[in-house]
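**Q** Starting off with a structure, shown below.
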Protein chains: 2
Amino acid sequence: MNTNSVPWKGINGGVSAPVGFYACGVKSGVKYKGKYDLAIILSEVRSHAAGVFTRNVVKAHPLLLTQKHIEDGQARAVIVNSGNANACMGERGDQDAWQMAETTSLELGIDPSDVLVASTGVIGQPMPMKKIVPGIKAAVAEVKSLQEQLSLDNCNCIQGSQAKIQAAHQAALAIMTTDTTVKEMALELKCAGGTVKLGVMAKGSGMIHPNMGTMLCFITTDAQVESSRLKELLQEATDESFNMVTVDGDTSTNDMVLMLANGLSGVRPEGEDWQRFSQMVKEACCAMARAIARDGEGASKFIEVRVSGAKDISAARTIARSVCSSSLVKAAMYGQDANWGRILAAAGYSGASFNPNQVDIFLNGLQVASQGQGVNFSEDEALVRLTDKDILVEIHLGDGEGEAKAWGCDLTHRYIDINADYRT
Amino acid sequence: MNTNSVPWKGINGGVSAPVGFYACGVKSGVKYKGKYDLAIILSEVRSHAAGVFTRNVVKAHPLLLTQKHIEDGQARAVIVNSGNANACMGERGDQDAWQMAETTSLELGIDPSDVLVASTGVIGQPMPMKKIVPGIKAAVAEVKSLQEQLSLDNCNCIQGSQAKIQAAHQAALAIMTTDTTVKEMALELKCAGGTVKLGVMAKGSGMIHPNMGTMLCFITTDAQVESSRLKELLQEATDESFNMVTVDGDTSTNDMVLMLANGLSGVRPEGEDWQRFSQMVKEACCAMARAIARDGEGASKFIEVRVSGAKDISAARTIARSVCSSSLVKAAMYGQDANWGRILAAAGYSGASFNPNQVDIFLNGLQVASQGQGVNFSEDEALVRLTDKDILVEIHLGDGEGEAKAWGCDLTHRYIDINADYRT
């Protein structure tokens, strides 16, 4: 993100950066000994809340519960574990998800329907509730103690607190599975009535695909935004960020993006402020999406596919995702092979219509195809450019104004290593 | 194929097994020195002809020409090269495809519109016509000499001829690219009026996916079948065979299945004979489809996914293909990991609707999930069963009568080796 050209700025911290939010992570023992694996996000007050969920027919138990709890557009806490997806477990799975919400609500003294639950990890294994329940209790105790130390009365102190930032960082660590990088950020935007802040943390590495791969993202803000508007914004932001990431074409049972707006900044962004706020949310989601693609399982390269000149935005997105998902394109990028024919072929089978005789293709700025045909480029020059860790595939069509970006990574030996033996 | 339970039987040979068909392969030098890379199939007389073609928006030049030439439902010869796909080459590509048809027609003394052209290999490289044209001349000379040696008058001699069988085998070799096995077979069926024969050869290993991956298949028969009926049969056979194979999710620009029926057996299968004949064609296509999946690039295991109890055949096919295409399922099979959660998740994101709480899953006969949940199976037993080279994934749904089979292979380190550096 180029902070020079945007109205917001990056600040320290993650999901607890906005006023009145707290977060922490604990080691409950579900994942591996000594790893953070259970996170909580708490708002001082009930927040407007919105969610976007997996389109997989098979939905994990916590996801189904969260869909119910978010129906009223309100929430106060999110409880998340990694290491076990709590998916495909029948009634027991529903009970375990419920117990996670109930335990959290009892410990916090709030309504269980104000608790949202998310899980990520292996499918079809019983949730080890004997570890999870004490974990939740420890997490609530920690988040409460943070809250006590840093009361709302002392706002500047809250923002400055290293302890609060550190605790949110542990929350971001606790939601990771095969992720190799922590994904969190915080931004602030000056509006007419004052400053609003945005915090975000995400996880995702394998099982990533358009329409949400196992991918969790939690967004907090202290702006005043009612839940219907929040929902609309979150869907738009998801469509142009997380739904444009693909690592391996597999869509998980557990994906969700949740956003909580507690209004504690006292600022309601309107008019141009609303436009800027929306852009900030979208940019934060795109930054997380890129971070997920960059951390793709086994990835050695980050790939951005930019499509322009498509007949509309939907065609542009379809083509960008298709190219970014192609195993052959991904393997070619791994091999630093400027095999543009595979790129054109992947665009061609995407399902979107376009004129193949008007396609120009560039790889890291080097034109490799013009008007649907190969151009005489230097293979040596191409190899040099493809040695880069970041690959930009530009596809210019001649059909209209539709533009889109998709993000992914190359397909490597390491991907096979990771996924050939995940459970054992 | 269990030959005990079917009315047809396997016979020696490939596409030249039916009466009045000849085929051979030559080494034109397009692929590698000393490799067969150019094949011709010739019928003594004009044949009824039908084709099924890639649904990729980007279509190779020979494919576009063949679509034109087959419009009248008639053809006499097929000319095929491997090593160069003649795709994405603009006007020059159209001219080169036309020159292949024209050269073949001039050498054979037939109408150019009776010549069908197919190519497979790298995309976006100019077709080396200086090698192809002499190659075509050599191929026609060889096929003519075969034809002279074995005149139609002496029918028994034709069938017995080792030279004819050997030449067809060379044709099957000539259409291979990354294939590691030759794919050809011949069958015969006794009908009321006499015996009809079927010959088939196919290629395909990488870029294989539902809706036709680079996959070529040529089917010959001496049965009397008019072209409209032939077309309908070929589409049905393709839908349940080649369109159910997936290796890597990439659909090529060059795929085609062509079928020629020259009627020289004098037998027109009707009624029950037609049913049997149709079944024989479908079984031949399925056998080729399985052979392609088994020869998937880098494959160490052959995977058959059988779906039953889907709400209809379309849902069954969608689910079977989705599971068979999942990178995570494929990597798990490579790792001999009974990760049924990935199987259920892949069914779930297929786009077909089903009740996830009524799904049973079996891996090589071992039940791993029941009613959408895991069962307590022995991991040791699962490992033993998954050590097998052939993996049968059975998915029983509780929604109806829809059934389908899809074929694929595991995702291995070797796949990456092959595809990271294909062009160079």
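Going through the structure tokens in order, the chains are called A, B, and so on, while each chain numbers its residues from 1 and the ligands are numbered from 1 in the order shown.
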What lies within 6 Å of His396 (chain B) using only C-alpha atoms, ignoring chain neighbours under 5 positions off, as JSON, numbers by chain?
**A** {"B": [307, 308, 309, 359, 360]}
**Q** For C-alpha atoms, I'd like the residues from the last selection saved as a PDB file, in the first residue's frame.
**A**
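The result, stored in again-v6.pdb:
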ATOM      1  CA  VAL B 307     -20.782 -41.086  -6.602  1.00  0.00           C
ATOM      2  CA  SER B 308     -24.176 -42.666  -5.998  1.00  0.00           C
ATOM      3  CA  GLY B 309     -27.435 -41.467  -4.491  1.00  0.00           C
ATOM      4  CA  VAL B 359     -22.955 -38.753   3.177  1.00  0.00           C
ATOM      5  CA  ASP B 360     -21.082 -42.049   3.543  1.00  0.00           C
TER       6      ASP B 360
END
**Q** Which residues are near Val323 (chain B)? Cut-off 7 Å, only C-alpha atoms, ignore same chain within fewer than 2 positions. Put them as a list in words.
**A**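 Those residues are Ile319, Ala320, Arg321, Ser325, Ser326, Val329, Ile343, Ala346 and Ala347 of chain B.
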**Q** Find the residues of chain B in contact range of chain A, meaning any atom within 7 Å when counting only C-alpha atoms, and list them as a ChimeraX atom specification.
**A** /B:55-58,88-90,123-124,248,250-253,326-328,331-332,334-335,337,341,345-346,348-349,353,356,372-374,412-413,416,419-421
**Q** Would you save the residues of that selection, restricted to N, CA and C atoms, as a short mmCIF file (atom, residue, chain, number, x, y, z; two decimals), in the first residue's frame?
**A**
data_model
loop_
_atom_site.label_atom_id
_atom_site.label_comp_id
_atom_site.auth_asym_id
_atom_site.auth_seq_id
_atom_site.Cartn_x
_atom_site.Cartn_y
_atom_site.Cartn_z
N ARG B 55 -14.18 -26.71 -25.12
CA ARG B 55 -15.06 -25.56 -24.86
C ARG B 55 -14.24 -24.33 -24.50
N ASN B 56 -12.91 -24.45 -24.62
CA ASN B 56 -12.06 -23.28 -24.36
C ASN B 56 -12.37 -22.20 -25.40
N VAL B 57 -12.48 -20.93 -24.94
CA VAL B 57 -12.72 -19.81 -25.86
C VAL B 57 -11.56 -19.68 -26.84
N VAL B 58 -10.36 -20.00 -26.34
CA VAL B 58 -9.18 -19.97 -27.20
C VAL B 58 -9.07 -21.32 -27.89
N CYS B 88 -2.81 -20.04 -31.07
CA CYS B 88 -2.44 -18.64 -30.79
C CYS B 88 -1.38 -18.14 -31.76
N MET B 89 -1.54 -18.43 -33.04
CA MET B 89 -0.56 -18.02 -34.03
C MET B 89 -1.15 -17.10 -35.09
N GLY B 90 -2.38 -16.62 -34.86
CA GLY B 90 -2.97 -15.66 -35.80
C GLY B 90 -3.19 -16.25 -37.18
N ILE B 123 2.03 -24.39 -27.15
CA ILE B 123 1.19 -23.32 -27.69
C ILE B 123 2.06 -22.13 -28.07
N GLY B 124 1.69 -21.44 -29.16
CA GLY B 124 2.30 -20.16 -29.47
C GLY B 124 3.65 -20.23 -30.16
N ASP B 248 -5.33 -32.08 -13.97
CA ASP B 248 -4.87 -30.87 -13.29
C ASP B 248 -5.78 -29.66 -13.43
N ASP B 250 -6.76 -28.06 -15.98
CA ASP B 250 -6.54 -27.18 -17.12
C ASP B 250 -7.16 -27.76 -18.39
N THR B 251 -7.93 -26.96 -19.09
CA THR B 251 -8.60 -27.40 -20.31
C THR B 251 -7.88 -26.81 -21.50
N SER B 252 -7.49 -27.66 -22.42
CA SER B 252 -6.63 -27.24 -23.51
C SER B 252 -7.38 -26.54 -24.63
N THR B 253 -6.61 -25.92 -25.50
CA THR B 253 -7.13 -25.24 -26.69
C THR B 253 -7.31 -26.20 -27.86
N SER B 326 -9.73 -32.03 -6.76
CA SER B 326 -9.22 -31.29 -5.60
C SER B 326 -7.73 -31.55 -5.39
N SER B 327 -6.95 -30.48 -5.40
CA SER B 327 -5.51 -30.62 -5.17
C SER B 327 -5.25 -31.24 -3.80
N LEU B 328 -6.09 -30.87 -2.83
CA LEU B 328 -5.86 -31.39 -1.47
C LEU B 328 -6.19 -32.87 -1.39
N ALA B 331 -3.33 -34.64 -3.25
CA ALA B 331 -2.09 -34.67 -2.46
C ALA B 331 -2.23 -35.66 -1.29
N ALA B 332 -3.43 -35.72 -0.70
CA ALA B 332 -3.65 -36.67 0.40
C ALA B 332 -3.51 -38.11 -0.09
N TYR B 334 -1.69 -39.12 -2.59
CA TYR B 334 -0.25 -39.30 -2.79
C TYR B 334 0.40 -39.65 -1.46
N GLY B 335 -0.04 -38.98 -0.40
CA GLY B 335 0.53 -39.20 0.93
C GLY B 335 -0.12 -40.36 1.67
N ASP B 337 -3.01 -40.73 2.88
CA ASP B 337 -3.62 -40.16 4.09
C ASP B 337 -5.14 -40.19 3.90
N GLY B 341 -12.17 -35.66 5.26
CA GLY B 341 -12.71 -34.30 5.40
C GLY B 341 -12.51 -33.49 4.13
N ALA B 345 -15.36 -31.89 1.83
CA ALA B 345 -15.27 -30.45 1.54
C ALA B 345 -15.31 -30.20 0.03
N ALA B 346 -14.60 -31.05 -0.73
CA ALA B 346 -14.57 -30.88 -2.19
C ALA B 346 -15.95 -31.15 -2.79
N GLY B 348 -18.63 -30.53 -1.20
CA GLY B 348 -19.40 -29.39 -0.73
C GLY B 348 -19.24 -28.14 -1.56
N TYR B 349 -18.03 -27.92 -2.10
CA TYR B 349 -17.86 -26.70 -2.90
C TYR B 349 -18.05 -26.95 -4.38
N SER B 353 -25.97 -29.37 -5.06
CA SER B 353 -26.53 -29.36 -3.71
C SER B 353 -26.77 -30.80 -3.24
N PRO B 356 -25.40 -32.78 3.47
CA PRO B 356 -24.11 -33.25 3.99
C PRO B 356 -24.25 -34.24 5.15
N GLY B 372 -22.15 -38.13 7.12
CA GLY B 372 -21.45 -36.85 7.15
C GLY B 372 -20.44 -36.69 8.27
N GLN B 373 -20.23 -37.75 9.06
CA GLN B 373 -19.28 -37.66 10.17
C GLN B 373 -18.24 -38.77 10.07
N GLY B 374 -17.11 -38.53 10.71
CA GLY B 374 -16.08 -39.55 10.72
C GLY B 374 -16.51 -40.79 11.49
N THR B 412 1.69 -35.11 -7.38
CA THR B 412 2.98 -35.58 -6.88
C THR B 412 4.10 -34.57 -7.14
N HIS B 413 5.23 -34.81 -6.54
CA HIS B 413 6.42 -34.00 -6.84
C HIS B 413 6.76 -34.05 -8.33
N ILE B 416 5.12 -31.52 -10.61
CA ILE B 416 5.78 -30.21 -10.57
C ILE B 416 7.03 -30.24 -11.46
N ASN B 419 6.00 -29.97 -15.09
CA ASN B 419 5.34 -28.75 -15.54
C ASN B 419 6.04 -27.45 -15.22
N ALA B 420 7.05 -27.51 -14.36
CA ALA B 420 7.76 -26.28 -14.03
C ALA B 420 8.61 -25.84 -15.21
N ASP B 421 8.93 -26.74 -16.08
CA ASP B 421 9.85 -26.38 -17.14
C ASP B 421 9.55 -27.18 -18.40
#
**Q** Here is a test: counting only C-alpha atoms, which residue of B:Val267, B:Met201, B:Leu386, B:Ala167 is nearest to Glu184 (chain B)?
**A**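 Comparing B:Val267, B:Met201, B:Leu386, B:Ala167 against Glu184 (chain B), the winner is B:Met201.
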**Q** Neighbours of region 214-228 of chain A within 6 Å (only C-alpha atoms; same-chain residues fewer than 6 positions away dropped), as a CSV table (one decimal) with N, CA and C atoms, in the first residue's frame?
**A**
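Output (selection38.csv):
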chain,number,residue,atom,x,y,z
A,15,VAL,N,-6.2,-6.0,15.9
A,15,VAL,CA,-7.6,-5.8,16.1
A,15,VAL,C,-8.0,-5.0,17.4
A,18,PRO,N,-8.6,-0.2,17.5
A,18,PRO,CA,-9.8,0.8,17.7
A,18,PRO,C,-10.2,0.9,19.1
A,19,VAL,N,-10.7,2.0,19.5
A,19,VAL,CA,-11.1,2.3,20.9
A,19,VAL,C,-12.1,1.2,21.4
A,48,HIS,N,-22.2,-3.3,16.4
A,48,HIS,CA,-22.8,-3.7,15.1
A,48,HIS,C,-21.8,-4.8,14.5
A,49,ALA,N,-22.4,-5.8,13.9
A,49,ALA,CA,-21.6,-6.9,13.4
A,49,ALA,C,-22.1,-7.4,12.1
A,73,GLY,N,-27.4,-8.7,13.9
A,73,GLY,CA,-26.5,-7.6,13.6
A,73,GLY,C,-25.7,-7.1,14.8
A,196,VAL,N,-11.3,7.8,13.2
A,196,VAL,CA,-11.8,6.4,13.4
A,196,VAL,C,-10.6,5.5,13.1
A,197,LYS,N,-10.6,4.3,13.8
A,197,LYS,CA,-9.6,3.4,13.6
A,197,LYS,C,-10.1,2.0,13.1
A,198,LEU,N,-9.2,1.3,12.5
A,198,LEU,CA,-9.6,0.0,11.9
A,198,LEU,C,-8.5,-1.0,12.3
A,199,GLY,N,-8.9,-2.2,12.8
A,199,GLY,CA,-7.9,-3.2,13.1
A,199,GLY,C,-8.3,-4.5,12.4
A,200,VAL,N,-7.3,-5.3,12.0
A,200,VAL,CA,-7.7,-6.5,11.3
A,200,VAL,C,-6.6,-7.6,11.5
A,201,MET,N,-7.1,-8.8,11.6
A,201,MET,CA,-6.2,-9.9,11.7
A,201,MET,C,-6.8,-11.0,10.8
A,202,ALA,N,-5.9,-11.8,10.2
A,202,ALA,CA,-6.4,-12.8,9.2
A,202,ALA,C,-5.5,-14.0,9.3
A,203,LYS,N,-6.0,-15.2,8.9
A,203,LYS,CA,-5.2,-16.4,8.7
A,203,LYS,C,-5.6,-17.0,7.4
A,204,GLY,N,-4.7,-17.7,6.8
A,204,GLY,CA,-5.0,-18.4,5.5
A,204,GLY,C,-3.7,-18.8,4.8
A,207,MET,N,-5.8,-24.4,1.3
A,207,MET,CA,-7.2,-24.4,1.1
A,207,MET,C,-7.8,-23.1,0.8
A,208,ILE,N,-7.0,-22.3,0.0
A,208,ILE,CA,-7.4,-21.0,-0.3
A,208,ILE,C,-7.9,-20.9,-1.7
A,252,SER,N,-12.9,-24.0,1.8
A,252,SER,CA,-13.0,-24.7,3.0
A,252,SER,C,-14.4,-24.6,3.6
A,254,ASN,N,-15.0,-23.7,6.7
A,254,ASN,CA,-14.9,-22.9,7.9
A,254,ASN,C,-14.7,-21.4,7.7
A,255,ASP,N,-14.6,-21.0,6.4
A,255,ASP,CA,-14.2,-19.6,6.1
A,255,ASP,C,-15.2,-18.6,6.6
A,256,MET,N,-14.7,-17.6,7.2
A,256,MET,CA,-15.5,-16.5,7.5
A,256,MET,C,-14.7,-15.2,7.7
A,257,VAL,N,-15.4,-14.1,7.3
A,257,VAL,CA,-14.9,-12.8,7.6
A,257,VAL,C,-15.9,-12.1,8.5
A,258,LEU,N,-15.4,-11.6,9.6
A,258,LEU,CA,-16.4,-10.9,10.6
A,258,LEU,C,-15.9,-9.5,10.8
A,259,MET,N,-16.8,-8.6,10.9
A,259,MET,CA,-16.5,-7.2,11.2
A,259,MET,C,-17.4,-6.7,12.3
A,260,LEU,N,-16.7,-6.1,13.3
A,260,LEU,CA,-17.4,-5.5,14.4
A,260,LEU,C,-17.2,-4.0,14.5
A,261,ALA,N,-18.2,-3.2,14.6
A,261,ALA,CA,-18.1,-1.7,14.7
A,261,ALA,C,-18.8,-1.3,16.0
A,262,ASN,N,-18.0,-0.9,17.0
A,262,ASN,CA,-18.6,-0.6,18.3
A,262,ASN,C,-18.9,0.9,18.5
A,263,GLY,N,-18.6,1.8,17.5
A,263,GLY,CA,-19.0,3.2,17.5
A,263,GLY,C,-18.3,4.0,18.6
A,264,LEU,N,-17.3,3.4,19.3
A,264,LEU,CA,-16.8,4.2,20.5
A,264,LEU,C,-15.9,5.4,20.1
A,265,SER,N,-15.6,5.6,18.9
A,265,SER,CA,-14.9,6.8,18.5
A,265,SER,C,-15.9,8.0,18.5
A,267,VAL,N,-17.6,8.8,16.1
A,267,VAL,CA,-17.6,9.4,14.7
A,267,VAL,C,-18.4,8.5,13.8
A,268,ARG,N,-19.3,9.1,13.1
A,268,ARG,CA,-20.1,8.4,12.0
A,268,ARG,C,-19.6,8.9,10.7
**Q** Rounded to one decimal place, report the CA of Leu63 (chain A)-CA of Gly13 (chain A) distance in Å.
**A**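 Separation of CA of Leu63 (chain A) and CA of Gly13 (chain A): 26.7 Å.
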**Q** Can you list every residue in region 114-199 of chain B that DSSP puts in alpha helix (DSSP H), as a PyMOL selection string?
**A** chain B and resi 129-149+155-160+162-174
**Q** Dump N, CA and C atoms for the selected residues as a compact mmCIF listing (two decimals), in the first residue's frame?
**A**
# COMPACT_ATOMS: atom_id res chain seq x y z
N MET B 129 6.63 -25.90 -40.74
CA MET B 129 6.04 -26.49 -41.94
C MET B 129 7.08 -27.17 -42.83
N LYS B 130 8.33 -26.74 -42.71
CA LYS B 130 9.39 -27.38 -43.52
C LYS B 130 9.62 -28.82 -43.11
N LYS B 131 9.24 -29.13 -41.87
CA LYS B 131 9.32 -30.53 -41.44
C LYS B 131 7.98 -31.23 -41.64
N ILE B 132 6.89 -30.47 -41.41
CA ILE B 132 5.55 -31.07 -41.45
C ILE B 132 5.17 -31.52 -42.87
N VAL B 133 5.46 -30.66 -43.88
CA VAL B 133 5.04 -30.99 -45.25
C VAL B 133 5.70 -32.28 -45.76
N PRO B 134 7.04 -32.39 -45.66
CA PRO B 134 7.65 -33.66 -46.06
C PRO B 134 7.14 -34.83 -45.20
N GLY B 135 6.85 -34.56 -43.94
CA GLY B 135 6.31 -35.59 -43.05
C GLY B 135 4.98 -36.10 -43.57
N ILE B 136 4.11 -35.19 -43.97
CA ILE B 136 2.80 -35.59 -44.50
C ILE B 136 2.97 -36.44 -45.76
N LYS B 137 3.91 -35.99 -46.62
CA LYS B 137 4.14 -36.75 -47.86
C LYS B 137 4.60 -38.17 -47.55
N ALA B 138 5.48 -38.28 -46.58
CA ALA B 138 5.99 -39.61 -46.20
C ALA B 138 4.87 -40.46 -45.60
N ALA B 139 4.02 -39.83 -44.78
CA ALA B 139 2.93 -40.56 -44.14
C ALA B 139 1.94 -41.07 -45.19
N VAL B 140 1.60 -40.19 -46.15
CA VAL B 140 0.65 -40.59 -47.19
C VAL B 140 1.25 -41.72 -48.03
N ALA B 141 2.54 -41.59 -48.35
CA ALA B 141 3.19 -42.64 -49.14
C ALA B 141 3.12 -43.97 -48.42
N GLU B 142 3.34 -43.94 -47.11
CA GLU B 142 3.35 -45.19 -46.35
C GLU B 142 1.95 -45.79 -46.27
N VAL B 143 0.96 -44.92 -46.04
CA VAL B 143 -0.40 -45.43 -45.88
C VAL B 143 -0.93 -45.95 -47.22
N LYS B 144 -0.50 -45.30 -48.32
CA LYS B 144 -0.90 -45.78 -49.65
C LYS B 144 -0.28 -47.14 -49.95
N SER B 145 0.96 -47.29 -49.54
CA SER B 145 1.66 -48.55 -49.82
C SER B 145 1.01 -49.68 -49.02
N LEU B 146 0.59 -49.36 -47.80
CA LEU B 146 -0.14 -50.35 -46.99
C LEU B 146 -1.42 -50.77 -47.70
N GLN B 147 -2.09 -49.73 -48.21
CA GLN B 147 -3.38 -49.92 -48.87
C GLN B 147 -3.21 -50.82 -50.10
N GLU B 148 -2.11 -50.60 -50.84
CA GLU B 148 -1.87 -51.41 -52.05
C GLU B 148 -1.58 -52.85 -51.68
N GLN B 149 -0.74 -53.03 -50.66
CA GLN B 149 -0.39 -54.39 -50.23
C GLN B 149 -1.63 -55.18 -49.84
N CYS B 155 -10.07 -59.50 -47.65
CA CYS B 155 -10.44 -58.95 -46.35
C CYS B 155 -9.75 -59.66 -45.18
N ASN B 156 -9.67 -60.96 -45.22
CA ASN B 156 -9.06 -61.70 -44.12
C ASN B 156 -7.60 -61.35 -43.95
N CYS B 157 -6.97 -61.18 -45.10
CA CYS B 157 -5.55 -60.84 -45.07
C CYS B 157 -5.34 -59.51 -44.37
N ILE B 158 -6.23 -58.52 -44.66
CA ILE B 158 -6.13 -57.20 -44.03
C ILE B 158 -6.15 -57.33 -42.51
N GLN B 159 -7.12 -58.10 -42.05
CA GLN B 159 -7.27 -58.18 -40.60
C GLN B 159 -6.06 -58.84 -39.96
N GLY B 160 -5.53 -59.80 -40.64
CA GLY B 160 -4.41 -60.54 -40.06
C GLY B 160 -3.10 -59.79 -40.15
N GLN B 162 0.09 -58.17 -39.80
CA GLN B 162 0.92 -57.58 -38.74
C GLN B 162 1.38 -56.18 -39.13
N ALA B 163 1.66 -55.99 -40.43
CA ALA B 163 2.16 -54.69 -40.90
C ALA B 163 1.12 -53.60 -40.64
N LYS B 164 -0.13 -53.93 -40.89
CA LYS B 164 -1.19 -52.95 -40.71
C LYS B 164 -1.36 -52.59 -39.23
N ILE B 165 -1.31 -53.61 -38.39
CA ILE B 165 -1.42 -53.38 -36.94
C ILE B 165 -0.24 -52.56 -36.44
N GLN B 166 0.94 -52.91 -36.94
CA GLN B 166 2.15 -52.21 -36.53
C GLN B 166 2.10 -50.74 -36.93
N ALA B 167 1.61 -50.48 -38.15
CA ALA B 167 1.53 -49.09 -38.65
C ALA B 167 0.56 -48.27 -37.81
N ALA B 168 -0.58 -48.87 -37.42
CA ALA B 168 -1.54 -48.16 -36.58
C ALA B 168 -0.95 -47.87 -35.21
N HIS B 169 -0.15 -48.82 -34.74
CA HIS B 169 0.53 -48.63 -33.45
C HIS B 169 1.48 -47.43 -33.53
N GLN B 170 2.15 -47.28 -34.66
CA GLN B 170 3.05 -46.13 -34.85
C GLN B 170 2.25 -44.82 -34.88
N ALA B 171 1.05 -44.90 -35.43
CA ALA B 171 0.18 -43.71 -35.41
C ALA B 171 -0.14 -43.33 -33.96
N ALA B 172 -0.45 -44.36 -33.15
CA ALA B 172 -0.77 -44.10 -31.73
C ALA B 172 0.44 -43.54 -30.99
N LEU B 173 1.63 -43.99 -31.37
CA LEU B 173 2.86 -43.44 -30.79
C LEU B 173 3.06 -41.98 -31.20
N ALA B 174 2.69 -41.69 -32.44
CA ALA B 174 2.97 -40.36 -33.01
C ALA B 174 2.13 -39.26 -32.39
**Q** Which residues come within 10 Å of Pro112 (chain A), counting only C-alpha atoms, excluding same-chain residues fewer than 4 positions away, as a PDB file with C-alpha atoms, in the first residue's frame?
**A**
ATOM      1  CA  HIS A  69     -25.751 -15.315  16.432  1.00  0.00           C
ATOM      2  CA  ALA A  75     -22.097  -9.017  18.872  1.00  0.00           C
ATOM      3  CA  ARG A  76     -19.634  -8.363  21.667  1.00  0.00           C
ATOM      4  CA  ALA A  77     -17.043 -11.110  21.498  1.00  0.00           C
ATOM      5  CA  TRP A  98     -22.381 -23.946  21.485  1.00  0.00           C
ATOM      6  CA  GLN A  99     -20.291 -24.793  24.541  1.00  0.00           C
ATOM      7  CA  MET A 100     -17.534 -22.523  23.263  1.00  0.00           C
ATOM      8  CA  ALA A 101     -20.018 -19.633  22.990  1.00  0.00           C
ATOM      9  CA  GLU A 102     -21.662 -20.455  26.307  1.00  0.00           C
ATOM     10  CA  THR A 103     -18.398 -20.714  28.253  1.00  0.00           C
ATOM     11  CA  THR A 104     -17.225 -17.416  26.784  1.00  0.00           C
ATOM     12  CA  SER A 105     -20.525 -15.703  27.644  1.00  0.00           C
ATOM     13  CA  LEU A 106     -20.596 -17.065  31.207  1.00  0.00           C
ATOM     14  CA  LEU A 108     -17.696 -12.544  30.419  1.00  0.00           C
ATOM     15  CA  LEU A 116     -19.370 -15.419  17.613  1.00  0.00           C
TER      16      LEU A 116
END
